[in-house]
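S.K.: This is upload-v4.pdb (PDB, C-alpha atoms).
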ATOM      1  CA  MET U1085    -178.331  -1.178  51.499
ATOM      2  CA  SER U1086    -178.616  -4.442  53.454
ATOM      3  CA  THR U1087    -178.199  -4.691  57.206
ATOM      4  CA  ALA U1088    -177.135  -7.651  59.315
ATOM      5  CA  ALA U1089    -179.884  -9.776  60.817
ATOM      6  CA  PRO U1090    -180.447  -9.146  64.533
ATOM      7  CA  ASP U1091    -178.634 -11.498  66.897
ATOM      8  CA  LEU U1092    -181.499 -13.597  68.265
ATOM      9  CA  TRP U1093    -179.153 -15.229  70.807
ATOM     10  CA  HIS U1094    -178.177 -11.906  72.383
ATOM     11  CA  HIS U1095    -179.991 -12.541  75.680
ATOM     12  CA  TYR U1096    -179.388 -16.280  76.015
ATOM     13  CA  GLY U1097    -177.275 -17.292  79.027
ATOM     14  CA  ARG U1098    -176.497 -13.723  80.033
ATOM     15  CA  THR U1099    -177.915 -13.998  83.565
ATOM     16  CA  ARG U1100    -175.943 -17.146  84.320
ATOM     17  CA  ALA U1101    -172.741 -15.704  82.897
ATOM     18  CA  ALA U1102    -172.927 -12.827  85.386
ATOM     19  CA  THR U1103    -172.836 -15.189  88.369
ATOM     20  CA  ASP U1104    -171.239 -18.440  87.164
ATOM     21  CA  GLN U1105    -167.885 -18.108  85.462
ATOM     22  CA  ARG U1106    -166.414 -21.493  86.373
ATOM     23  CA  VAL U1107    -165.481 -24.338  84.086
ATOM     24  CA  PRO U1108    -168.330 -26.803  84.711
ATOM     25  CA  ASP U1109    -167.600 -29.913  86.742
ATOM     26  CA  ALA U1110    -169.991 -32.095  84.700
ATOM     27  CA  PHE U1111    -171.095 -32.630  81.100
ATOM     28  CA  HIS U1112    -174.662 -33.745  80.343
ATOM     29  CA  TRP U1113    -176.517 -34.399  77.095
ATOM     30  CA  THR U1114    -180.053 -34.141  78.478
ATOM     31  CA  TRP U1115    -182.344 -31.149  78.190
ATOM     32  CA  SER U1116    -182.476 -30.876  81.994
ATOM     33  CA  GLN U1117    -178.649 -30.830  82.157
ATOM     34  CA  ASP U1118    -178.632 -32.797  85.395
ATOM     35  CA  CYS U1119    -178.594 -36.501  84.526
ATOM     36  CA  GLY U1120    -177.949 -39.107  81.855
ATOM     37  CA  PRO U1121    -174.797 -40.041  79.947
ATOM     38  CA  GLY U1122    -171.671 -37.960  80.181
ATOM     39  CA  PRO U1123    -168.876 -37.175  77.732
ATOM     40  CA  ASP U1124    -167.482 -40.716  77.813
ATOM     41  CA  ILE U1125    -169.652 -41.626  74.817
ATOM     42  CA  LEU U1126    -167.355 -39.393  72.746
ATOM     43  CA  GLY U1127    -164.566 -41.916  73.311
ATOM     44  CA  ASP U1128    -160.966 -41.214  74.248
ATOM     45  CA  LEU U1129    -160.331 -37.610  73.284
ATOM     46  CA  ALA U1130    -156.616 -37.526  74.076
ATOM     47  CA  GLY U1131    -154.807 -35.961  71.147
ATOM     48  CA  ARG U1132    -158.015 -35.482  69.159
ATOM     49  CA  CYS U1133    -159.483 -32.417  67.462
ATOM     50  CA  VAL U1134    -163.013 -31.844  68.758
ATOM     51  CA  GLY U1135    -165.621 -29.361  67.526
ATOM     52  CA  ASP U1136    -168.631 -27.975  69.410
ATOM     53  CA  LEU U1137    -171.255 -26.880  66.872
ATOM     54  CA  GLY U1138    -173.320 -23.997  68.197
ATOM     55  CA  ALA U1139    -171.263 -23.762  71.364
ATOM     56  CA  GLY U1140    -173.025 -20.787  72.931
ATOM     57  CA  ALA U1141    -171.080 -19.738  76.020
ATOM     58  CA  ALA U1142    -168.737 -22.713  75.418
ATOM     59  CA  ARG U1143    -169.332 -24.358  78.784
ATOM     60  CA  HIS U1144    -169.338 -27.887  77.367
ATOM     61  CA  ALA U1145    -166.264 -27.110  75.284
ATOM     62  CA  ALA U1146    -164.435 -25.686  78.303
ATOM     63  CA  TYR U1147    -165.220 -28.833  80.265
ATOM     64  CA  LEU U1148    -163.715 -31.046  77.558
ATOM     65  CA  ALA U1149    -160.668 -28.819  77.118
ATOM     66  CA  VAL U1150    -159.859 -28.881  80.832
ATOM     67  CA  ARG U1151    -160.957 -32.338  81.925
ATOM     68  CA  HIS U1152    -160.523 -34.577  78.869
ATOM     69  CA  ARG U1153    -157.258 -33.300  77.414
ATOM     70  CA  ALA U1154    -158.195 -33.177  73.771
ATOM     71  CA  ALA U1155    -155.443 -31.758  71.588
ATOM     72  CA  GLN U1156    -157.812 -28.917  70.764
ATOM     73  CA  VAL U1157    -161.478 -28.149  71.298
ATOM     74  CA  ILE U1158    -162.952 -25.664  68.827
ATOM     75  CA  ALA U1159    -166.154 -23.945  69.959
ATOM     76  CA  VAL U1160    -168.037 -22.492  66.977
ATOM     77  CA  ASP U1161    -171.003 -20.143  67.143
ATOM     78  CA  ALA U1162    -172.515 -17.647  64.714
ATOM     79  CA  SER U1163    -173.863 -15.307  67.392
ATOM     80  CA  PRO U1164    -171.697 -12.262  68.160
ATOM     81  CA  ALA U1165    -173.139 -12.118  71.675
ATOM     82  CA  GLN U1166    -172.459 -15.779  72.401
ATOM     83  CA  HIS U1167    -168.938 -15.537  70.991
ATOM     84  CA  ALA U1168    -168.203 -12.506  73.165
ATOM     85  CA  MET U1169    -169.607 -14.254  76.229
ATOM     86  CA  ALA U1170    -167.612 -17.420  75.602
ATOM     87  CA  THR U1171    -164.427 -15.419  75.072
ATOM     88  CA  SER U1172    -164.976 -13.504  78.296
ATOM     89  CA  LEU U1173    -165.643 -16.668  80.288
ATOM     90  CA  PHE U1174    -163.123 -19.093  78.811
ATOM     91  CA  GLY U1175    -160.754 -17.239  76.505
ATOM     92  CA  HIS U1176    -157.983 -17.885  79.034
ATOM     93  CA  LEU U1177    -158.098 -21.594  78.120
ATOM     94  CA  ALA U1178    -156.463 -20.937  74.729
ATOM     95  CA  PRO U1179    -154.820 -22.557  72.855
ATOM     96  CA  ARG U1180    -156.380 -25.826  74.040
ATOM     97  CA  LEU U1181    -159.799 -24.183  73.633
ATOM     98  CA  ARG U1182    -160.300 -22.118  70.489
ATOM     99  CA  ILE U1183    -163.441 -19.963  70.363
ATOM    100  CA  VAL U1184    -164.574 -19.183  66.815
ATOM    101  CA  HIS U1185    -167.189 -16.687  65.658
ATOM    102  CA  CYS U1186    -168.443 -18.068  62.354
ATOM    103  CA  ASP U1187    -171.438 -19.539  60.618
ATOM    104  CA  VAL U1188    -171.179 -23.232  61.483
ATOM    105  CA  VAL U1189    -171.732 -24.506  57.933
ATOM    106  CA  ASP U1190    -169.155 -22.080  56.520
ATOM    107  CA  HIS U1191    -166.675 -23.164  59.173
ATOM    108  CA  LEU U1192    -167.170 -26.869  58.458
ATOM    109  CA  ARG U1193    -166.927 -26.410  54.703
ATOM    110  CA  ALA U1194    -163.559 -24.732  55.179
ATOM    111  CA  ALA U1195    -162.349 -27.508  57.506
ATOM    112  CA  THR U1196    -162.486 -30.642  55.344
ATOM    113  CA  GLY U1197    -160.898 -33.606  57.120
ATOM    114  CA  THR U1198    -160.012 -31.570  60.218
ATOM    115  CA  TYR U1199    -162.029 -33.107  63.049
ATOM    116  CA  ASP U1200    -161.988 -36.432  64.872
ATOM    117  CA  VAL U1201    -165.183 -35.649  66.804
ATOM    118  CA  LEU U1202    -168.012 -33.160  66.321
ATOM    119  CA  TYR U1203    -170.825 -32.689  68.810
ATOM    120  CA  SER U1204    -173.831 -30.497  69.533
ATOM    121  CA  VAL U1205    -175.791 -30.205  72.779
ATOM    122  CA  PHE U1206    -179.060 -28.619  71.638
ATOM    123  CA  GLY U1207    -176.854 -26.410  69.505
ATOM    124  CA  ALA U1208    -176.456 -25.821  65.786
ATOM    125  CA  ILE U1209    -177.953 -29.206  64.893
ATOM    126  CA  ASP U1210    -181.293 -27.860  66.132
ATOM    127  CA  PHE U1211    -181.157 -24.520  64.355
ATOM    128  CA  VAL U1212    -179.425 -25.027  60.993
ATOM    129  CA  PRO U1213    -181.065 -26.838  58.044
ATOM    130  CA  PRO U1214    -179.965 -30.495  58.249
ATOM    131  CA  GLY U1215    -179.486 -30.651  54.476
ATOM    132  CA  GLU U1216    -176.725 -28.046  54.835
ATOM    133  CA  LEU U1217    -175.175 -28.902  58.186
ATOM    134  CA  LEU U1218    -174.977 -32.704  58.093
ATOM    135  CA  PRO U1219    -173.066 -33.044  54.769
ATOM    136  CA  ALA U1220    -170.677 -30.309  55.884
ATOM    137  CA  ALA U1221    -170.104 -32.127  59.170
ATOM    138  CA  ALA U1222    -169.434 -35.437  57.388
ATOM    139  CA  ALA U1223    -166.874 -33.761  55.136
ATOM    140  CA  ALA U1224    -165.159 -32.022  58.065
ATOM    141  CA  LEU U1225    -164.614 -35.316  59.892
ATOM    142  CA  ARG U1226    -161.614 -37.516  59.301
ATOM    143  CA  PRO U1227    -162.296 -41.102  58.182
ATOM    144  CA  GLY U1228    -163.975 -42.951  61.027
ATOM    145  CA  GLY U1229    -164.775 -39.714  62.843
ATOM    146  CA  GLN U1230    -168.010 -39.298  64.720
ATOM    147  CA  LEU U1231    -170.809 -36.793  65.173
ATOM    148  CA  VAL U1232    -172.751 -36.923  68.440
ATOM    149  CA  PHE U1233    -175.675 -34.674  69.214
ATOM    150  CA  SER U1234    -178.574 -34.281  71.595
ATOM    151  CA  THR U1235    -181.807 -32.763  70.390
ATOM    152  CA  LEU U1236    -185.416 -32.558  71.519
ATOM    153  CA  ALA U1237    -187.372 -35.791  71.134
ATOM    154  CA  HIS U1238    -190.580 -33.718  70.965
ATOM    155  CA  TYR U1239    -191.630 -30.092  71.102
ATOM    156  CA  LEU U1240    -191.549 -28.409  74.496
ATOM    157  CA  ASP U1241    -195.320 -28.042  74.442
ATOM    158  CA  GLY U1242    -195.633 -31.814  74.089
ATOM    159  CA  ALA U1243    -196.382 -31.902  70.353
ATOM    160  CA  PRO U1244    -194.681 -34.803  68.525
ATOM    161  CA  ALA U1245    -191.512 -34.397  66.503
ATOM    162  CA  GLN U1246    -191.802 -33.880  62.749
ATOM    163  CA  SER U1247    -192.155 -36.897  60.455
ATOM    164  CA  ASP U1248    -190.245 -35.082  57.704
ATOM    165  CA  VAL U1249    -187.340 -32.640  57.526
ATOM    166  CA  GLN U1250    -189.185 -29.437  58.308
ATOM    167  CA  CYS U1251    -188.818 -26.800  60.973
ATOM    168  CA  ALA U1252    -191.128 -24.876  63.237
ATOM    169  CA  GLU U1253    -190.802 -21.224  64.167
ATOM    170  CA  ILE U1254    -190.154 -20.740  67.882
ATOM    171  CA  PRO U1255    -190.187 -17.513  69.921
ATOM    172  CA  ALA U1256    -187.054 -15.380  70.118
ATOM    173  CA  LYS U1257    -186.078 -11.813  71.003
ATOM    174  CA  THR U1258    -183.969  -9.248  69.216
ATOM    175  CA  PRO U1259    -181.202  -7.493  71.189
ATOM    176  CA  ASP U1260    -183.560  -4.584  71.903
ATOM    177  CA  GLY U1261    -186.214  -6.949  73.251
ATOM    178  CA  GLN U1262    -188.578  -7.066  70.300
ATOM    179  CA  ALA U1263    -190.464 -10.312  69.754
ATOM    180  CA  SER U1264    -189.240 -12.429  66.862
ATOM    181  CA  THR U1265    -188.973 -16.070  65.828
ATOM    182  CA  MET U1266    -186.279 -18.495  64.696
ATOM    183  CA  PRO U1267    -186.484 -21.934  63.026
ATOM    184  CA  ARG U1268    -185.901 -25.097  65.042
ATOM    185  CA  TRP U1269    -185.721 -28.640  63.697
ATOM    186  CA  VAL U1270    -187.410 -31.185  65.996
ATOM    187  CA  LEU U1271    -187.410 -34.437  64.028
ATOM    188  CA  GLN U1272    -188.379 -38.038  64.657
ATOM    189  CA  GLU U1273    -185.620 -40.581  65.163
ATOM    190  CA  GLN U1274    -186.047 -42.187  61.745
ATOM    191  CA  VAL U1275    -185.978 -38.789  60.051
ATOM    192  CA  TRP U1276    -182.630 -37.943  61.614
ATOM    193  CA  THR U1277    -181.300 -41.379  60.674
ATOM    194  CA  LYS U1278    -182.337 -40.965  57.036
ATOM    195  CA  ALA U1279    -180.861 -37.455  56.852
ATOM    196  CA  LEU U1280    -177.568 -38.672  58.330
ATOM    197  CA  ARG U1281    -177.311 -41.534  55.846
ATOM    198  CA  GLU U1282    -177.991 -39.167  52.965
ATOM    199  CA  ALA U1283    -175.228 -36.901  54.287
ATOM    200  CA  GLY U1284    -172.657 -39.711  54.201
ATOM    201  CA  PHE U1285    -172.758 -41.215  57.686
ATOM    202  CA  THR U1286    -172.806 -45.008  57.803
ATOM    203  CA  THR U1287    -172.953 -46.190  61.423
ATOM    204  CA  ILE U1288    -175.835 -44.530  63.251
ATOM    205  CA  SER U1289    -177.329 -45.229  66.674
ATOM    206  CA  THR U1290    -179.979 -43.401  68.684
ATOM    207  CA  GLN U1291    -181.388 -43.520  72.182
ATOM    208  CA  GLU U1292    -184.147 -41.600  73.898
ATOM    209  CA  LEU U1293    -183.320 -40.228  77.326
ATOM    210  CA  LEU U1294    -186.277 -39.703  79.625
ATOM    211  CA  ALA U1295    -186.666 -36.620  81.777
ATOM    212  CA  PRO U1296    -185.834 -37.547  85.396
ATOM    213  CA  CYS U1297    -188.799 -35.826  86.985
ATOM    214  CA  PRO U1298    -191.525 -33.238  86.245
ATOM    215  CA  GLY U1299    -190.438 -29.612  86.152
ATOM    216  CA  PRO U1300    -190.062 -26.480  84.042
ATOM    217  CA  ARG U1301    -187.251 -28.051  81.990
ATOM    218  CA  THR U1302    -188.924 -31.427  81.499
ATOM    219  CA  ALA U1303    -188.446 -32.884  78.029
ATOM    220  CA  ARG U1304    -187.237 -36.127  76.532
ATOM    221  CA  THR U1305    -183.892 -36.001  74.756
ATOM    222  CA  LEU U1306    -182.906 -37.812  71.573
ATOM    223  CA  LEU U1307    -179.204 -38.684  71.641
ATOM    224  CA  VAL U1308    -177.705 -39.539  68.256
ATOM    225  CA  GLN U1309    -174.273 -40.973  67.368
ATOM    226  CA  ALA U1310    -173.071 -41.289  63.786
ATOM    227  CA  ARG U1311    -169.749 -42.237  62.205
ATOM    228  CA  THR U1312    -168.172 -41.712  58.839
ATOM    229  CA  THR U1313    -166.642 -44.563  56.840
ATOM    230  CA  GLY U1314    -163.095 -45.708  57.475
ATOM    231  CA  PHE U1315    -160.592 -45.620  60.294
ATOM    232  CA  CYS U1316    -159.329 -42.479  61.934
ATOM    233  CA  CYS U1317    -155.723 -41.783  61.031
ATOM    234  CA  THR U1318    -154.855 -40.953  64.662
ATOM    235  CA  GLU U1319    -155.829 -44.410  65.915
TER     236      GLU U1319
END
Do you think you could lay out the structure here as structure tokens?

M.R.:
Amino acid sequence: MSTAAPDLWHHYGRTRAATDQRVPDAFHWTWSQDCGPGPDILGDLAGRCVGDLGAGAARHAAYLAVRHRAAQVIAVDASPAQHAMATSLFGHLAPRLRIVHCDVVDHLRAATGTYDVLYSVFGAIDFVPPGELLPAAAAALRPGGQLVFSTLAHYLDGAPAQSDVQCAEIPAKTPDGQASTMPRWVLQEQVWTKALREAGFTTISTQELLAPCPGPRTARTLLVQARTTGFCCTE
């Protein structure tokens, strides 16, 4: 008899959720979450369907739903704990914000041609095999839709990003506090670009965002934008 895998995101964000239940007043792509570009790089979201891949507590999604007036923001996460936390914090924002508990790849495969914009802020893009996630994302976008994501430009210990599509095992904890690991993809810029092209994206741009100052959350961020072929039917 098989049992479900432990939820390795059970503890993530729990301390903050106990004290900070507001819709954020800013949206950042950087690892430090205190500087750099904002949500404007997503374009005009009015009337658009937007998906947050690996939304966690859905703070970024709540910001977009409240402050950028998308037709709908769909926050997707596979973790039961993160889904419950997001629902508790921001469930009142429905129907503009829809919080979905589902494997991200399964969700995208069932949503062909649904989205105008998909994004990930150190979310599912980092933790799901690119060969599965990127083609599913391309198929879920409408013609001319875009995927935007921020990811680590290097490992947190300073080691360089991978020169091929391979993951490293990073520390994690089970709900009962036992030590475990989970895969994370930290890839060089050209590796992401190649993987995106193979998945069906045609217009791809990248930029590296430097950490503003030394500190415990210091890391460079790779910000990636990619579009599918064609023109969005809502334009």

S.K.: Any chance you could resolve the PyMOL selection byres ((chain U and resi 1184) around 12) against this file and give the residues as an MDAnalysis selection string?

M.R.: chainID U and resid 1135:1142 1145 1157:1164 1166:1171 1175 1178:1179 1181:1183 1185:1188 1190:1192

S.K.: For the provided coordinates, the residues matched by the PyMOL selection byres ((chain U and resi 1231) around 9) should be stated as a list in words.

M.R.: Leu1126, Asp1200, Val1201, Leu1202, Tyr1203, Ser1204, Ala1221, Ala1222, Leu1225, Gly1229, Gln1230, Val1232, Phe1233, Phe1285, Val1308, Gln1309, Ala1310, Arg1311 and Thr1312 of chain U

S.K.: Take the point (-156.5, -37.3, 71.9) as written in the file and pick out every residue within 8 Å of it, counting only C-alpha atoms; give the list as an mmCIF file with C-alpha atoms, keeping the file's coordinate frame.

M.R.:
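Output file selection-v6.cif follows:
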data_model
loop_
_atom_site.group_PDB
_atom_site.id
_atom_site.type_symbol
_atom_site.label_atom_id
_atom_site.label_comp_id
_atom_site.auth_asym_id
_atom_site.auth_seq_id
_atom_site.Cartn_x
_atom_site.Cartn_y
_atom_site.Cartn_z
ATOM 1 C CA ASP U 1128 -160.966 -41.214 74.248
ATOM 2 C CA LEU U 1129 -160.331 -37.610 73.284
ATOM 3 C CA ALA U 1130 -156.616 -37.526 74.076
ATOM 4 C CA GLY U 1131 -154.807 -35.961 71.147
ATOM 5 C CA ARG U 1132 -158.015 -35.482 69.159
ATOM 6 C CA CYS U 1133 -159.483 -32.417 67.462
ATOM 7 C CA ARG U 1153 -157.258 -33.300 77.414
ATOM 8 C CA ALA U 1154 -158.195 -33.177 73.771
ATOM 9 C CA ALA U 1155 -155.443 -31.758 71.588
#

S.K.: Report as a PyMOL selection string the residues that result from applying the PyMOL selection byres ((chain U and resi 1238) around 10) to the structure here.

M.R.: chain U and resi 1235-1237+1239-1246+1270-1272+1303-1306

S.K.: Give me the box for range 1131-1147 of chain U as JSON, namely the centre and edge lengths in Å to one decimal of a box along x, y and z that holds every listed atom plus 6 Å on each side.

M.R.:
{"center_x": -164.1, "center_y": -27.8, "center_z": 73.6, "size_x": 30.5, "size_y": 28.2, "size_z": 25.4}

S.K.: Calculated over all atoms listed in the file, which of the candidates U:Arg1100, U:Lys1257, U:Arg1193, U:Arg1226 has the smallest distance to Thr1313 in chain U?

M.R.: U:Arg1226

S.K.: Taking into account all atoms listed in the file, which residue in the set U:Leu1307, U:Leu1148, U:Val1212, U:Ala1102 is nearest to Thr1277 in chain U?

M.R.: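 Of the candidates, the smallest distance to Thr1277 in chain U is held by U:Leu1307.
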
S.K.: As a count of residues only, please: the residues near Gln1117 in chain U (cut-off 10 Å, all atoms listed in the file, same-chain neighbours under 5 positions excluded).

M.R.: 6

S.K.: In Å to one decimal, how far is CA of Thr1286 in chain U from CA of Ala1223 in chain U?

M.R.: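 A separation of 13.0 Å between them.
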
S.K.: Write out as a ChimeraX atom specification each polymer residue whose atoms come within 9 Å of Asp1109 in chain U, counting all atoms listed in the file; drop sequence neighbours fewer than 2 positions from it.

M.R.: /U:1106-1107,1111,1147,1151

S.K.: Go ahead and write the selection's residues with C-alpha atoms as a PDB file, in the frame of the given file.

M.R.:
ATOM      1  CA  ARG U1106    -166.414 -21.493  86.373  1.00  0.00           C
ATOM      2  CA  VAL U1107    -165.481 -24.338  84.086  1.00  0.00           C
ATOM      3  CA  PHE U1111    -171.095 -32.630  81.100  1.00  0.00           C
ATOM      4  CA  TYR U1147    -165.220 -28.833  80.265  1.00  0.00           C
ATOM      5  CA  ARG U1151    -160.957 -32.338  81.925  1.00  0.00           C
TER       6      ARG U1151
END

S.K.: What's the separation between CA of Ala1220 in chain U and CA of Ser1264 in chain U, in Å to one decimal place?

M.R.: 28.0 Å

S.K.: Would you please take range 1196-1252 of chain U of the structure in the block above and write C-alpha atoms to a file as a tab-separated table (two decimals), in the first residue's frame?

M.R.:
chain	number	residue	atom	x	y	z
U	1196	THR	CA	-4.38	24.42	-22.77
U	1197	GLY	CA	-4.73	27.93	-24.17
U	1198	THR	CA	-6.07	29.35	-20.90
U	1199	TYR	CA	-3.47	31.88	-19.75
U	1200	ASP	CA	-2.25	35.23	-21.04
U	1201	VAL	CA	0.59	35.40	-18.50
U	1202	LEU	CA	2.35	32.81	-16.33
U	1203	TYR	CA	4.98	33.69	-13.75
U	1204	SER	CA	7.07	32.16	-10.99
U	1205	VAL	CA	9.01	33.95	-8.25
U	1206	PHE	CA	11.45	31.27	-7.07
U	1207	GLY	CA	8.49	28.94	-7.32
U	1208	ALA	CA	7.68	25.85	-9.36
U	1209	ILE	CA	10.20	26.75	-12.07
U	1210	ASP	CA	12.93	26.02	-9.53
U	1211	PHE	CA	11.54	22.74	-8.25
U	1212	VAL	CA	9.88	20.92	-11.17
U	1213	PRO	CA	11.86	19.28	-14.01
U	1214	PRO	CA	12.11	21.87	-16.81
U	1215	GLY	CA	11.48	19.20	-19.45
U	1216	GLU	CA	8.01	18.70	-17.94
U	1217	LEU	CA	7.07	22.18	-16.78
U	1218	LEU	CA	8.19	24.38	-19.67
U	1219	PRO	CA	6.32	22.55	-22.49
U	1220	ALA	CA	3.20	22.44	-20.31
U	1221	ALA	CA	3.50	26.17	-19.67
U	1222	ALA	CA	3.91	26.92	-23.39
U	1223	ALA	CA	0.79	24.91	-24.19
U	1224	ALA	CA	-1.23	26.59	-21.43
U	1225	LEU	CA	-0.49	30.06	-22.80
U	1226	ARG	CA	-2.57	31.70	-25.48
U	1227	PRO	CA	-0.76	32.76	-28.67
U	1228	GLY	CA	1.63	35.57	-27.82
U	1229	GLY	CA	1.37	34.85	-24.11
U	1230	GLN	CA	4.37	35.18	-21.86
U	1231	LEU	CA	6.15	33.31	-19.09
U	1232	VAL	CA	8.22	35.37	-16.65
U	1233	PHE	CA	10.23	33.86	-13.84
U	1234	SER	CA	12.95	34.68	-11.36
U	1235	THR	CA	15.38	32.00	-10.28
U	1236	LEU	CA	18.76	31.78	-8.59
U	1237	ALA	CA	21.68	32.86	-10.76
U	1238	HIS	CA	23.96	30.65	-8.61
U	1239	TYR	CA	23.69	28.36	-5.62
U	1240	LEU	CA	23.25	29.99	-2.23
U	1241	ASP	CA	26.65	28.73	-1.14
U	1242	GLY	CA	28.22	30.58	-4.06
U	1243	ALA	CA	28.72	27.57	-6.34
U	1244	PRO	CA	28.02	28.32	-10.03
U	1245	ALA	CA	24.79	27.39	-11.75
U	1246	GLN	CA	24.64	24.13	-13.71
U	1247	SER	CA	25.87	24.04	-17.31
U	1248	ASP	CA	23.28	21.39	-18.18
U	1249	VAL	CA	19.71	20.60	-17.16
U	1250	GLN	CA	20.38	18.83	-13.89
U	1251	CYS	CA	19.28	19.43	-10.33
U	1252	ALA	CA	20.92	19.42	-6.95
